[in-house]
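Asks: Got a structure for you, final-v5.txt, holding compact mmCIF, C-alpha atoms.
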# COMPACT_ATOMS: atom_id res chain seq x y z
CA MET E 1 60.79 40.12 82.04
CA ARG E 2 58.81 38.65 84.92
CA ASP E 3 56.95 36.28 82.62
CA ALA E 4 60.17 35.14 81.00
CA LEU E 5 61.71 34.49 84.41
CA ALA E 6 58.60 32.50 85.30
CA GLY E 7 59.30 30.18 82.36
CA ASP E 8 57.20 31.74 79.62
CA ALA E 9 59.06 30.95 76.39
CA ALA E 10 56.98 33.41 74.37
CA ALA E 11 57.90 36.22 76.79
CA PHE E 12 61.55 35.23 76.49
CA ASP E 13 61.25 35.34 72.71
CA VAL E 14 59.92 38.91 72.94
CA LEU E 15 62.73 39.85 75.32
CA LEU E 16 65.30 38.30 73.03
CA ALA E 17 64.11 39.71 69.71
CA PRO E 18 65.79 43.15 69.91
CA GLN E 19 69.06 41.51 70.91
CA LEU E 20 69.32 39.20 67.91
CA GLY E 21 70.65 41.84 65.55
CA PRO E 22 73.50 42.98 67.83
CA ALA E 23 74.16 39.38 68.83
CA PHE E 24 74.43 38.21 65.24
CA ARG E 25 76.71 41.10 64.30
CA LEU E 26 78.86 40.40 67.35
CA ALA E 27 79.15 36.74 66.41
CA THR E 28 79.98 37.66 62.82
CA VAL E 29 82.71 39.98 64.04
CA MET E 30 84.21 37.28 66.24
CA LEU E 31 83.80 34.33 63.87
CA ARG E 32 83.92 35.96 60.42
CA ASP E 33 81.32 33.46 59.25
CA ARG E 34 77.60 34.17 58.94
CA THR E 35 76.50 30.57 59.10
CA GLU E 36 78.58 29.83 62.13
CA ALA E 37 77.34 33.08 63.67
CA GLU E 38 73.73 31.99 63.21
CA ASP E 39 74.48 28.65 64.85
CA VAL E 40 76.19 30.32 67.76
CA VAL E 41 73.39 32.82 68.32
CA GLN E 42 70.84 30.02 68.32
CA GLU E 43 72.84 28.03 70.80
CA ALA E 44 73.41 31.10 72.94
CA ALA E 45 69.69 31.81 72.95
CA LEU E 46 68.94 28.32 74.23
CA LYS E 47 71.70 28.61 76.78
CA ALA E 48 70.40 31.98 77.97
CA TRP E 49 66.93 30.50 78.26
CA SER E 50 68.20 27.59 80.32
CA ARG E 51 70.21 29.92 82.55
CA LEU E 52 67.71 32.72 82.85
CA ARG E 53 67.15 32.03 86.52
CA GLN E 54 70.78 32.87 87.14
CA PHE E 55 70.30 36.27 85.56
CA ARG E 56 70.20 39.06 88.11
CA GLY E 57 69.13 42.25 86.51
CA ASP E 58 66.42 44.15 84.76
CA ARG E 59 65.25 44.35 81.18
CA ARG E 60 67.94 46.90 80.34
CA SER E 61 70.80 44.74 81.57
CA PHE E 62 69.45 41.67 79.79
CA GLY E 63 71.08 42.81 76.53
CA PRO E 64 74.69 42.92 77.78
CA TRP E 65 74.13 39.68 79.66
CA PHE E 66 72.87 37.91 76.56
CA LEU E 67 75.71 39.33 74.49
CA SER E 68 78.18 37.96 77.05
CA VAL E 69 76.63 34.52 76.53
CA VAL E 70 77.01 34.94 72.75
CA ALA E 71 80.65 36.02 73.12
CA SER E 72 81.32 33.01 75.32
CA GLU E 73 79.74 30.71 72.72
CA CYS E 74 81.89 32.29 70.03
CA ARG E 75 85.02 31.53 72.03
CA MET E 76 83.88 27.94 72.47
CA ALA E 77 83.21 27.65 68.74
CA ARG E 78 86.70 28.91 67.97
CA ARG E 79 88.21 26.33 70.31
CA ARG E 80 86.54 23.35 68.63
CA PRO E 81 89.05 20.92 67.15
CA TRP E 82 87.79 21.32 63.62
CA TRP E 83 87.63 25.12 63.72
CA SER E 84 91.15 25.49 62.41
CA VAL E 85 90.47 22.97 59.68
CA VAL E 86 87.21 24.41 58.44
CA ARG E 87 87.83 28.12 58.96
CA THR E 88 90.37 30.43 57.59
CA PRO E 89 92.91 31.39 60.23
CA ASP E 90 93.09 34.86 61.68
CA PRO E 91 95.04 37.10 59.34
CA PRO E 92 98.45 38.06 60.61
CA GLU E 93 98.32 41.26 62.57
CA ALA E 94 99.27 43.89 60.03
CA ALA E 95 102.24 41.85 58.93
CA GLY E 96 104.62 43.79 56.77
CA ARG E 97 102.70 47.00 57.05
CA SER E 98 102.73 49.68 59.65
CA THR E 99 99.55 50.36 61.55
CA GLU E 100 99.63 53.91 60.22
CA ASP E 101 99.39 52.54 56.71
CA LEU E 102 96.52 50.31 57.70
CA ALA E 103 94.64 53.13 59.32
CA VAL E 104 94.50 55.14 56.11
CA GLY E 105 91.10 54.98 54.56
CA ARG E 106 87.95 53.15 55.56
CA LEU E 107 88.83 49.92 53.86
CA ASP E 108 92.19 49.90 55.52
CA LEU E 109 90.53 50.68 58.81
CA TRP E 110 88.41 47.59 58.39
CA ARG E 111 91.45 45.55 57.43
CA ALA E 112 93.15 46.76 60.57
CA ILE E 113 90.12 45.79 62.65
CA ASP E 114 89.94 42.43 60.93
CA ALA E 115 93.60 41.80 61.69
CA LEU E 116 92.98 42.08 65.42
CA ASP E 117 92.34 38.96 67.42
CA ALA E 118 88.73 38.05 68.15
CA ASP E 119 88.61 39.45 71.68
CA ASP E 120 90.09 42.76 70.59
CA ARG E 121 87.55 42.99 67.80
CA LEU E 122 84.89 42.26 70.37
CA ALA E 123 86.20 45.04 72.62
CA LEU E 124 85.92 47.61 69.83
CA PHE E 125 82.55 46.29 68.74
CA ALA E 126 81.05 46.43 72.23
CA TYR E 127 82.38 49.85 73.12
CA TYR E 128 82.27 51.74 69.84
CA TYR E 129 79.62 50.03 67.76
CA LEU E 130 77.14 48.95 70.41
CA ASP E 131 77.94 52.12 72.31
CA LEU E 132 77.83 50.29 75.61
CA PRO E 133 79.01 52.03 78.75
CA LEU E 134 82.36 50.74 79.90
CA GLU E 135 80.80 48.67 82.68
CA GLU E 136 78.48 46.89 80.28
CA ALA E 137 81.21 46.44 77.69
CA ALA E 138 83.28 44.75 80.41
CA ARG E 139 80.39 42.44 81.09
CA VAL E 140 80.14 41.46 77.44
CA LEU E 141 83.89 40.89 77.32
CA GLY E 142 83.68 38.83 80.49
CA VAL E 143 86.53 40.72 82.16
CA PRO E 144 86.89 43.25 85.00
CA LEU E 145 86.38 46.92 84.25
CA GLY E 146 90.08 47.80 84.26
CA THR E 147 90.91 44.97 81.89
CA ALA E 148 88.14 46.01 79.54
CA LYS E 149 89.42 49.57 79.55
CA SER E 150 92.97 48.54 78.72
CA ARG E 151 91.80 46.07 76.08
CA ILE E 152 89.72 48.72 74.30
CA TYR E 153 92.60 51.16 74.49
CA ARG E 154 95.10 48.58 73.24
CA ALA E 155 92.88 47.63 70.32
CA ALA E 156 92.19 51.27 69.45
CA ARG E 157 95.91 52.06 69.49
CA ARG E 158 96.50 49.31 66.98
CA LEU E 159 94.21 51.20 64.65
CA ARG E 160 95.55 54.61 65.50
CA PRO E 161 99.03 54.56 66.99
CA GLY E 162 99.65 57.47 69.30
CA LEU E 163 96.01 57.65 70.30
CA ALA E 164 95.63 59.09 73.79
CA LEU E 165 93.69 57.17 76.40
CA GLU E 166 91.17 60.01 76.67
CA GLU E 167 90.51 59.81 72.94
CA ALA E 168 90.04 56.06 72.99
CA ILE E 169 87.94 55.91 76.14
CA ASP E 170 85.91 58.98 75.44
CA ARG E 171 83.27 58.68 78.12
CA MET T 172 87.53 57.43 66.27
CA ARG T 173 84.20 56.16 67.52
CA ASP T 174 82.36 57.20 64.35
CA ASP T 175 84.95 55.68 62.05
CA VAL T 176 85.00 52.36 63.86
CA ARG T 177 81.22 52.29 64.09
CA ARG T 178 80.93 52.94 60.37
CA ALA T 179 83.43 50.17 59.62
CA PHE T 180 81.46 47.64 61.67
CA ASP T 181 78.23 48.83 60.16
CA GLU T 182 79.51 48.35 56.63
CA HIS T 183 80.97 44.92 57.24
CA THR T 184 78.26 43.29 59.29
CA ASP T 185 74.54 43.09 58.78
CA ASP T 186 71.38 41.96 60.43
CA PRO T 187 70.52 38.27 60.65
CA HIS T 188 68.06 36.62 58.34
CA PRO T 189 64.52 36.86 59.77
CA ALA T 190 64.44 33.06 59.87
CA LEU T 191 66.92 33.15 62.74
CA ARG T 192 64.29 34.37 65.17
CA SER T 193 61.79 31.82 63.85
CA ALA T 194 64.33 29.05 64.26
CA ILE T 195 65.07 30.06 67.85
CA ARG T 196 61.39 30.37 68.64
CA ALA T 197 60.72 26.92 67.20
CA GLN T 198 63.48 25.42 69.31
CA LEU T 199 62.23 27.15 72.44
CA GLU T 200 58.72 25.89 71.78
CA ALA T 201 60.06 22.40 71.15
CA GLY T 202 61.80 22.52 74.50
CA ARG T 203 65.22 21.94 73.03
CA THR T 204 68.02 22.31 75.52
CA PRO T 205 71.48 23.65 74.73
CA ARG T 206 74.31 21.29 73.97
CA PRO T 207 76.42 20.63 77.05
CA GLY T 208 79.49 21.50 75.02
CA PHE T 209 82.20 18.99 74.43
CA TYR T 210 84.86 21.27 75.81
CA ARG T 211 83.20 21.29 79.19
CA LEU T 212 83.19 17.52 79.16
CA ALA T 213 86.63 17.19 77.66
CA PRO T 214 88.58 17.48 80.94
CA LEU T 215 86.34 14.83 82.49
CA ALA T 216 86.69 12.61 79.45
CA ALA T 217 90.46 13.07 79.44
CA ALA T 218 90.68 12.25 83.15
CA ALA T 219 88.53 9.17 82.65
CA ALA T 220 90.62 8.09 79.67
CA VAL T 221 93.84 8.41 81.68
CA PHE T 222 92.24 6.53 84.53
CA LEU T 223 91.11 3.74 82.24
CA LEU T 224 94.51 3.59 80.59
CA VAL T 225 96.23 3.28 83.95
CA MET T 226 93.76 0.65 85.09
CA GLY T 227 94.09 -1.24 81.84
CA SER T 228 97.86 -1.12 81.88
CA GLY T 229 97.96 -2.24 85.49
CA TYR T 230 95.74 -5.14 84.71
CA TYR T 231 97.85 -5.97 81.68
CA LEU T 232 100.99 -6.13 83.82
CA LEU T 233 99.24 -8.24 86.43
CA SER T 234 98.04 -10.59 83.74
CA HIS T 235 101.53 -11.01 82.39
CA ASN T 236 102.71 -11.92 85.86
CA SER T 237 100.00 -14.55 86.04
CA PRO T 238 100.30 -16.84 83.02
CA GLY T 239 97.08 -18.33 81.83
CA LYS T 240 94.91 -15.31 82.54
CA PRO T 241 93.35 -13.55 79.59
CA VAL T 242 94.90 -10.23 78.70
CA PRO T 243 92.30 -7.51 78.31
CA VAL T 244 92.76 -4.73 75.84
CA ALA T 245 94.34 -1.73 77.53
CA GLY T 246 91.73 0.90 78.28
CA ASN T 247 88.91 -1.56 78.03
CA PRO T 248 89.26 -4.04 80.87
CA SER T 249 86.43 -6.38 81.67
CA PRO T 250 84.01 -5.13 84.34
CA SER T 251 85.10 -7.76 86.80
CA SER T 252 88.70 -6.63 86.57
CA SER T 253 87.98 -3.10 87.72
CA PRO T 254 84.81 -2.87 89.74
CA SER T 255 85.62 0.66 90.90
CA GLN T 256 86.18 1.90 87.38
CA ALA T 257 84.96 5.44 86.85
CA PRO T 258 82.22 5.83 84.27
CA VAL T 259 83.27 7.50 81.06
CA PRO T 260 81.20 10.60 80.48
CA SER T 261 79.59 10.35 77.11
CA PRO T 262 79.57 13.47 74.97
CA SER T 263 76.24 15.06 74.23
CA PRO T 264 74.26 13.57 71.38
CA SER T 265 74.98 16.53 69.16
CA GLU T 266 78.71 16.23 69.67
CA THR T 267 78.96 12.45 69.81
CA PRO T 268 79.26 11.80 66.09
CA ILE T 269 82.63 13.47 65.86
CA TYR T 270 84.24 11.49 68.62
CA THR T 271 82.80 8.01 68.45
CA GLN T 272 85.17 5.65 66.76
CA THR T 273 83.49 3.67 64.06
CA THR T 274 84.09 -0.05 64.38
CA GLU T 275 82.11 -1.36 61.43
CA THR T 276 83.45 -2.18 58.03
CA PHE T 277 82.97 0.18 55.16
CA THR T 278 80.95 -0.60 52.10
CA CYS T 279 81.11 0.81 48.59
CA THR T 280 77.61 -0.10 47.47
CA THR T 281 74.16 1.41 47.90
CA VAL T 282 72.80 1.22 51.42
CA SER T 283 69.21 1.72 52.56
CA GLY T 284 67.60 1.75 55.96
CA GLY T 285 65.45 3.71 58.35
CA ASP T 286 61.88 3.64 59.51
CA ALA T 287 59.41 3.90 56.63
CA SER T 288 56.65 4.98 59.01
CA SER T 289 58.59 7.92 60.36
CA ALA T 290 58.28 11.43 58.91
CA PRO T 291 60.39 13.70 61.10
CA ASN T 292 61.87 17.12 60.39
CA VAL T 293 65.55 17.82 60.04
CA THR T 294 66.91 19.76 63.01
CA ASP T 295 70.63 19.78 62.40
CA VAL T 296 73.26 18.83 59.86
CA ARG T 297 76.96 18.76 60.61
CA VAL T 298 80.29 17.42 59.52
CA GLY T 299 83.32 16.28 61.46
CA THR T 300 86.47 14.31 61.13
CA ALA T 301 88.25 11.65 63.14
CA ASP T 302 91.12 9.28 62.68
CA GLY T 303 90.34 7.10 59.68
CA TYR T 304 87.04 8.61 58.62
CA ASP T 305 85.10 11.80 58.06
CA ARG T 306 81.58 12.07 59.29
CA PHE T 307 78.36 13.53 57.96
CA VAL T 308 75.34 13.67 60.25
CA ILE T 309 71.69 14.56 59.76
CA GLU T 310 69.70 14.95 62.95
CA PHE T 311 65.91 14.64 63.16
CA ASP T 312 63.19 15.42 65.66
CA GLY T 313 61.90 11.86 65.41
CA PRO T 314 63.06 8.38 64.41
CA VAL T 315 65.35 8.33 61.39
CA PRO T 316 63.10 7.88 58.35
CA GLN T 317 63.78 5.76 55.30
CA TYR T 318 67.03 6.68 53.62
CA THR T 319 69.21 5.58 50.72
CA ILE T 320 72.90 6.30 50.23
CA THR T 321 74.18 5.74 46.71
CA PRO T 322 77.83 5.98 45.70
CA GLN T 323 78.61 7.50 42.32
CA ASP T 324 81.72 7.96 40.22
CA SER T 325 81.55 11.72 40.05
CA SER T 326 80.90 14.58 42.43
CA SER T 327 78.23 16.14 40.18
CA PHE T 328 74.69 16.13 41.50
CA MET T 329 71.41 17.23 40.06
CA GLY T 330 69.34 19.61 42.16
CA ASP T 331 66.07 17.84 42.96
CA ALA T 332 63.68 20.62 42.13
CA SER T 333 65.75 22.74 39.77
CA GLY T 334 67.35 20.02 37.67
CA GLN T 335 70.48 22.14 37.76
CA THR T 336 73.80 20.31 37.81
CA LEU T 337 75.80 21.05 40.93
CA GLN T 338 79.51 20.36 40.89
CA LEU T 339 80.92 19.62 44.32
CA GLY T 340 84.49 19.24 45.49
CA GLY T 341 86.12 15.81 45.42
CA SER T 342 86.34 13.22 42.68
CA ARG T 343 83.50 10.91 43.70
CA GLY T 344 80.14 11.30 45.30
CA LEU T 345 77.62 9.90 47.72
CA LYS T 346 74.00 10.80 47.20
CA VAL T 347 72.04 10.80 50.44
CA VAL T 348 68.26 10.74 50.02
CA VAL T 349 66.00 10.86 53.04
CA HIS T 350 62.33 10.17 52.41
CA ASN T 351 59.39 11.69 54.27
CA SER T 352 61.53 14.41 55.76
CA SER T 353 62.33 18.06 55.28
CA ALA T 354 64.03 21.01 56.93
CA ARG T 355 60.65 22.72 56.92
CA SER T 356 57.77 21.40 58.98
CA LEU T 357 54.35 20.79 57.52
CA SER T 358 53.21 24.01 59.18
CA GLY T 359 55.92 25.90 57.33
CA THR T 360 58.38 26.43 60.16
CA GLN T 361 62.03 26.17 59.20
CA THR T 362 63.42 23.46 61.47
CA TYR T 363 67.01 23.61 60.26
CA SER T 364 68.51 26.91 59.25
CA GLY T 365 72.21 26.07 59.37
CA SER T 366 74.56 25.71 56.47
CA ASN T 367 73.42 23.98 53.31
CA ASP T 368 76.89 23.85 51.84
CA PHE T 369 79.78 22.66 53.98
CA LYS T 370 83.23 22.78 52.48
CA PRO T 371 85.34 21.26 55.21
CA GLY T 372 88.07 20.03 52.86
CA TYR T 373 88.72 16.97 54.99
CA GLN T 374 90.78 14.12 53.64
CA ALA T 375 87.73 12.24 52.35
CA LEU T 376 84.78 14.60 52.70
CA LYS T 377 85.47 17.64 50.57
CA GLU T 378 82.02 19.13 50.35
CA ALA T 379 78.52 18.41 51.56
CA ARG T 380 75.72 20.26 49.87
CA ASN T 381 71.97 20.18 50.17
CA VAL T 382 70.76 19.23 46.70
CA GLY T 383 67.09 18.99 47.41
CA ASP T 384 64.30 19.59 49.88
CA PHE T 385 61.27 19.02 47.76
CA GLU T 386 57.97 17.30 48.51
CA ARG T 387 59.33 15.80 51.72
CA THR T 388 62.34 14.27 50.01
CA TYR T 389 65.47 15.67 51.57
CA SER T 390 68.73 15.12 49.70
CA TRP T 391 72.39 15.89 50.17
CA GLY T 392 75.30 15.35 47.87
CA LEU T 393 78.64 14.49 49.40
CA GLY T 394 81.70 15.23 47.33
CA VAL T 395 84.47 12.90 48.42
CA ASP T 396 88.01 11.87 47.61
CA GLY T 397 89.46 8.41 48.03
CA SER T 398 87.53 5.17 47.78
CA GLY T 399 84.18 6.71 48.59
CA CYS T 400 83.42 3.72 50.80
CA PHE T 401 81.32 4.47 53.82
CA HIS T 402 79.54 3.10 56.82
CA ALA T 403 76.03 4.34 57.57
CA PHE T 404 74.13 3.80 60.77
CA THR T 405 71.57 5.47 62.98
CA LEU T 406 71.73 6.63 66.56
CA THR T 407 69.09 7.65 69.04
CA GLY T 408 69.20 10.05 71.96
CA ALA T 409 68.96 12.65 69.37
CA ASP T 410 67.77 10.67 66.37
CA ARG T 411 70.35 10.91 63.66
CA LEU T 412 71.68 9.34 60.52
CA VAL T 413 75.44 9.03 60.61
CA ILE T 414 77.60 8.43 57.56
CA ASP T 415 81.29 7.75 58.09
CA ILE T 416 83.36 8.11 54.96
CA LYS T 417 86.60 6.18 54.91
CA SER T 418 89.59 8.49 54.74
CA THR T 419 92.59 6.16 55.10
Just give me the structure of the file as C-alpha cells.
Replies:
Amino acid sequence: MRDALAGDAAAFDVLLAPQLGPAFRLATVMLRDRTEAEDVVQEAALKAWSRLRQFRGDRRSFGPWFLSVVASECRMARRRPWWSVVRTPDPPEAAGRSTEDLAVGRLDLWRAIDALDADDRLALFAYYYLDLPLEEAARVLGVPLGTAKSRIYRAARRLRPGLALEEAIDR
Amino acid sequence: MRDDVRRAFDEHTDDPHPALRSAIRAQLEAGRTPRPGFYRLAPLAAAAAVFLLVMGSGYYLLSHNSPGKPVPVAGNPSPSSSPSQAPVPSPSPSETPIYTQTTETFTCTTVSGGDASSAPNVTDVRVGTADGYDRFVIEFDGPVPQYTITPQDSSSFMGDASGQTLQLGGSRGLKVVVHNSSARSLSGTQTYSGSNDFKPGYQALKEARNVGDFERTYSWGLGVDGSGCFHAFTLTGADRLVIDIKST
C-alpha cells in the first residue's frame, strides 16, 4: 500500500489485482455488457491510480473505494449520449407480472434482479454478493448509510414482496 | 434471501478475461492517464457555447445597425470583435472524435495516407455518431501509420488470416487496412482489448468488425448503409485515424 501511494505502479497493480474480479462483475451487473464492463474497469483503474493520493484508508478499505470508482464510471458510461443508441434499454420493471411471479424460481429471480434499475442492482450486488458490511456497501453506492439501507431494502422487497427489514438487512 | 441472490449473481456474471489485468498493467506502465470525461466538461462547453452564441448574436445585431461592416457567423465571431471571449474547452482527445463537426467533403473512392515510417500499436477503437455522419476511430500510441480505406459494394469481408467470409450489417462496406500496426505489441502485450465487433446500428455505420490482425497488418471492415462516402483524416494529441461516414 505504501509503495503504491508513493507512486509505484507495480505495487498498485498488485493492490488492484484481487479487486478486478469483483469490479468486473459489478460493472457487468450495472452495464449488462462484458465489453463495456472491461472498458469501464480499465478506465476506473487508471482513475483510481491518478487519484490514489486522495484515498484515505488502509489496504482493506481499498477494495470498496475502488469499487465506488468503478460504480461511478458505470454511471458515467450509462449517461453517454450514444448509450441509449448502442445498448438495449433497461427492461421494464416486471411489467405485466407480479413480483411474486417473478420471484418464483432461480431464473425468475434473476429476471427480477435484471429488471431493477442499475443502482438497485448495484445495491443488491454490493450487500449480498460481495458480502460487504453496510458501511462499505454505502461507500460503493456513493450514498449515506441510511440511504444505502433503504435502497437495499427497497430492492430486496421488489424480489420478495412482504420481506421484513430484518430479513433484508440481516446483519 | 442472501444465498439466493448471491447464487443468481454468481450464475449470471463471471470473472474477467486474464488479459484485462495485462491491459491495465500495460497502460499503467505506459503512463496513460484517465480520460477527463466529456460529461465533466459538458457544462463548461455548454456555458461557453451559450456565451459564444450571445456574443455572436450581439455582434450580428450591431453589424446590422452599422451597414458596411462584415457580418460574422453567429457563434464564431472574429477575434477582434470579442477580445474577452471565453476559451472553448476542448474535449479530451479520446472523446473529441464524437463531437468535432467534420467540415471536409466526402469521397467515395479509395483513400490512402499516414506515415510509412511509423509502426505504432493500436490502443483504442471506438465508434460514435453526430449530425450528418457516423465516426469510426482507431487510436495509436504513435503517429498514425500508413493506411488505406477502400469502399466496396458489399458488406462481406474476408478475414485476413482465416480466409473466412464475414458478413457484416449494412449494404456496402469500407475496408480499413492499417500497415505496420497491431493490437499486440512486438513483445506480445495486448495493447487494445476492447470490442472487436461494434454493432452500433447508426444511420450509416451499421457494424465495425476487426477482420484481421496478422503480421502487423491491422484491418477492420465497416458495414455501412447509404452512399458509403467518407472523409478520412488523422489527428494528434492522441494519434488517431478518424473516418467519418456520411449519413445524410
Asks: Which residues are close to Leu15 (chain E), i.e. within 8 Å by all atoms listed in the file, leaving aside same-chain residues fewer than 5 positions away? Reply as a ChimeraX atom specification.
Replies: /E:1,4,59
Asks: Residues of chain E near chain T: apply a cut-off of 6 Å, count only C-alpha atoms, and supply the list as a PyMOL selection string.
Replies: chain E and resi 21+25+35+42+46-47+86+110+128-129
Asks: For CA of Cys400 (chain T) and CA of His350 (chain T), quote the distance in Å rounded to one decimal.
Replies: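 One can read the CA of Cys400 (chain T) to CA of His350 (chain T) distance as 22.1 Å.
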Asks: Excluding same-chain residues fewer than 4 positions from Ala379 (chain T), what lies within 12 Å of it counting all atoms listed in the file, as an MDAnalysis selection string?
Replies: chainID T and resid 296:299 305:309 326:328 337:341 343:347 366:373 375 390:395 414 416
Asks: So how many Å separate CA of Ala123 (chain E) and CA of Arg32 (chain E), to one decimal?
Replies: 15.4 Å
Asks: Between CA of Ala27 (chain E) and CA of Thr362 (chain T), what distance in Å does the model show, to one decimal?
Replies: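 Calculated distance between CA of Ala27 (chain E) and CA of Thr362 (chain T) is 21.2 Å.
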Asks: Which one is closest to Ser352 (chain T): T:Val382, T:Val315, T:Val282, T:Leu412? Count only C-alpha atoms.
Replies: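 Among the listed residues, the smallest separation from Ser352 (chain T) belongs to T:Val315.
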Asks: Which neighbours of Arg139 (chain E) fall inside 10 Å, counting all atoms listed in the file, when residues of the same chain fewer than 2 positions from it are skipped, and could you give them as a PyMOL selection string?
Replies: chain E and resi 61+64-69+126+132-137+141-145+148
Asks: Using all atoms listed in the file, which residue out of E:Ala168, E:Val41, E:Trp49, E:Val29 lies closest to Ala11 (chain E)?
Replies: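 Checking each of E:Ala168, E:Val41, E:Trp49, E:Val29 against Ala11 (chain E), counting all atoms listed in the file, the winner is E:Trp49.
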